[in-house]
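Student: Handing you this structure, nothing more for now.
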Amino acid sequence: MRCVIARFPFDLTKSSVLETMKGVKPEPITGQSVIIGRRHYPVMQVGAVITRQDRRDFSAGEVLRAMAQLGFTCRSATAPAAPPANHVSPLQRASALLGAPMPV
């Protein structure tokens, strides 16, 4: 399949991407990622390995679009859901700190 990344055309297939990424250790993921095989790779690392270009020459969107067209699973950068906040009034907090009254 013909993909354009950083204004250069590339003929990529799913098997060629799998072969190219074989043996490449994934970097820590801080943003968007692509699942290739059983590994999660950062999008920019995949683009750099496949195109052999500097990461500043292409965008993550270009690589994500190409990988999605080839059938790879792409994950966007989503922050984990924050746990529900316990809304405790100052009076409730003071009562909890003081403890229960002692029996007389």
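Ordering of the structure tokens sets the chain letters (A, B, ...), residue numbers begin anew at 1 in every chain, and ligands are numbered from 1 in the order given.
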Quick one: everything within 8 Å of Ala6 of chain A, counting only C-alpha atoms, minus sequence neighbours fewer than 3 positions away in the same chain. Send it as a list in words.

Tutor: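 Residues near the query, excluding close chain neighbours: Asp57, Phe58, Ser59 and Glu62 of chain A.
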
Student: So that I have them on file, write out the residues from the current selection with C-alpha atoms, as a compact mmCIF listing (two decimals), in the first residue's frame.

Tutor:
# COMPACT_ATOMS: atom_id res chain seq x y z
CA ASP A 57 10.48 15.35 9.60
CA PHE A 58 7.04 13.77 10.09
CA SER A 59 4.07 14.03 12.42
CA GLU A 62 0.85 10.77 9.41

Student: Residues within 8 Å of Pro26 of chain A, please, as a PyMOL selection string. Count only C-alpha atoms; anything in the same chain fewer than 6 positions from it doesn't count.

Tutor: chain A and resi 39-42+45

Student: DSSP says alpha helix (DSSP H) for which residues of chain A? Put them as an MDAnalysis selection string?

Tutor: chainID A and resid 14:21 43:51 60:70 90:98

Student: Would you mind exporting the chosen residues as a CSV table (one decimal), in the first residue's frame, restricted to N, CA and C atoms?

Tutor:
chain,number,residue,atom,x,y,z
A,14,LYS,N,1.7,-4.8,5.7
A,14,LYS,CA,1.7,-5.2,7.1
A,14,LYS,C,2.9,-6.1,7.4
A,15,SER,N,3.2,-7.0,6.5
A,15,SER,CA,4.3,-8.0,6.8
A,15,SER,C,5.6,-7.3,6.8
A,16,SER,N,5.8,-6.2,5.9
A,16,SER,CA,7.1,-5.5,5.9
A,16,SER,C,7.3,-4.7,7.2
A,17,VAL,N,6.2,-4.2,7.7
A,17,VAL,CA,6.3,-3.4,9.0
A,17,VAL,C,6.6,-4.4,10.1
A,18,LEU,N,6.0,-5.5,10.1
A,18,LEU,CA,6.3,-6.5,11.1
A,18,LEU,C,7.7,-7.0,11.1
A,19,GLU,N,8.2,-7.2,9.9
A,19,GLU,CA,9.6,-7.6,9.7
A,19,GLU,C,10.6,-6.5,10.1
A,20,THR,N,10.3,-5.3,9.8
A,20,THR,CA,11.2,-4.2,10.1
A,20,THR,C,11.2,-4.0,11.6
A,21,MET,N,10.1,-4.1,12.3
A,21,MET,CA,10.0,-3.8,13.7
A,21,MET,C,10.5,-5.0,14.6
A,43,VAL,N,4.4,6.0,18.5
A,43,VAL,CA,4.2,6.2,17.1
A,43,VAL,C,5.4,6.8,16.4
A,44,MET,N,6.1,7.7,17.1
A,44,MET,CA,7.2,8.4,16.5
A,44,MET,C,8.4,7.4,16.3
A,45,GLN,N,8.5,6.4,17.2
A,45,GLN,CA,9.6,5.4,17.1
A,45,GLN,C,9.3,4.6,15.8
A,46,VAL,N,8.0,4.2,15.7
A,46,VAL,CA,7.7,3.4,14.5
A,46,VAL,C,8.0,4.1,13.2
A,47,GLY,N,7.6,5.4,13.2
A,47,GLY,CA,7.8,6.2,12.0
A,47,GLY,C,9.3,6.3,11.7
A,48,ALA,N,10.1,6.5,12.7
A,48,ALA,CA,11.6,6.7,12.5
A,48,ALA,C,12.2,5.4,12.0
A,49,VAL,N,11.8,4.2,12.5
A,49,VAL,CA,12.3,3.0,12.1
A,49,VAL,C,11.9,2.6,10.7
A,50,ILE,N,10.6,2.8,10.4
A,50,ILE,CA,10.1,2.4,9.1
A,50,ILE,C,10.6,3.3,8.0
A,51,THR,N,10.6,4.6,8.2
A,51,THR,CA,11.0,5.6,7.1
A,51,THR,C,12.5,5.9,7.1
A,60,ALA,N,3.1,12.6,14.1
A,60,ALA,CA,2.5,11.4,14.6
A,60,ALA,C,1.2,11.0,13.8
A,61,GLY,N,0.5,12.1,13.4
A,61,GLY,CA,-0.8,11.8,12.7
A,61,GLY,C,-0.5,11.1,11.4
A,62,GLU,N,0.5,11.4,10.7
A,62,GLU,CA,0.9,10.8,9.4
A,62,GLU,C,1.1,9.3,9.6
A,63,VAL,N,1.9,9.0,10.7
A,63,VAL,CA,2.2,7.6,11.0
A,63,VAL,C,1.0,6.8,11.4
A,64,LEU,N,0.2,7.5,12.3
A,64,LEU,CA,-1.0,6.8,12.8
A,64,LEU,C,-2.0,6.5,11.7
A,65,ARG,N,-2.1,7.4,10.7
A,65,ARG,CA,-3.0,7.2,9.6
A,65,ARG,C,-2.5,6.0,8.8
A,66,ALA,N,-1.2,5.9,8.5
A,66,ALA,CA,-0.6,4.9,7.7
A,66,ALA,C,-0.8,3.5,8.4
A,67,MET,N,-0.5,3.5,9.7
A,67,MET,CA,-0.6,2.2,10.5
A,67,MET,C,-2.0,1.7,10.6
A,68,ALA,N,-3.0,2.7,10.7
A,68,ALA,CA,-4.4,2.3,10.8
A,68,ALA,C,-4.8,1.7,9.4
A,69,GLN,N,-4.4,2.3,8.3
A,69,GLN,CA,-4.7,1.8,7.0
A,69,GLN,C,-4.2,0.4,6.8
A,70,LEU,N,-3.0,0.1,7.4
A,70,LEU,CA,-2.4,-1.2,7.2
A,70,LEU,C,-3.1,-2.2,8.1
A,90,PRO,N,-15.0,20.3,56.2
A,90,PRO,CA,-14.0,20.5,57.3
A,90,PRO,C,-14.5,20.0,58.6
A,91,LEU,N,-15.8,20.1,58.9
A,91,LEU,CA,-16.3,19.6,60.2
A,91,LEU,C,-16.2,18.0,60.2
A,92,GLN,N,-16.5,17.4,59.1
A,92,GLN,CA,-16.3,15.9,59.1
A,92,GLN,C,-14.9,15.5,59.2
A,93,ARG,N,-14.0,16.3,58.6
A,93,ARG,CA,-12.5,15.9,58.7
A,93,ARG,C,-12.1,16.1,60.2
A,94,ALA,N,-12.5,17.2,60.9
A,94,ALA,CA,-12.1,17.4,62.2
A,94,ALA,C,-12.6,16.4,63.2
A,95,SER,N,-13.9,16.0,62.9
A,95,SER,CA,-14.5,14.9,63.7
A,95,SER,C,-13.7,13.6,63.6
A,96,ALA,N,-13.3,13.3,62.3
A,96,ALA,CA,-12.6,12.1,62.1
A,96,ALA,C,-11.2,12.1,62.8
A,97,LEU,N,-10.5,13.3,62.8
A,97,LEU,CA,-9.2,13.4,63.4
A,97,LEU,C,-9.3,13.3,64.9
A,98,LEU,N,-10.4,13.8,65.5
A,98,LEU,CA,-10.6,13.7,67.0
A,98,LEU,C,-11.0,12.4,67.4

Student: Residues within 9 Å of Arg2 of chain A, please, as a ChimeraX atom specification. Count only C-alpha atoms; anything in the same chain fewer than 4 positions from it doesn't count.

Tutor: /A:9-13,66

Student: If you run DSSP on the backbone here, which positions in chain A get strand (DSSP E or B)? Please write them as a ChimeraX atom specification.

Tutor: /A:2-5,8-11,33-36,39-42,73-75
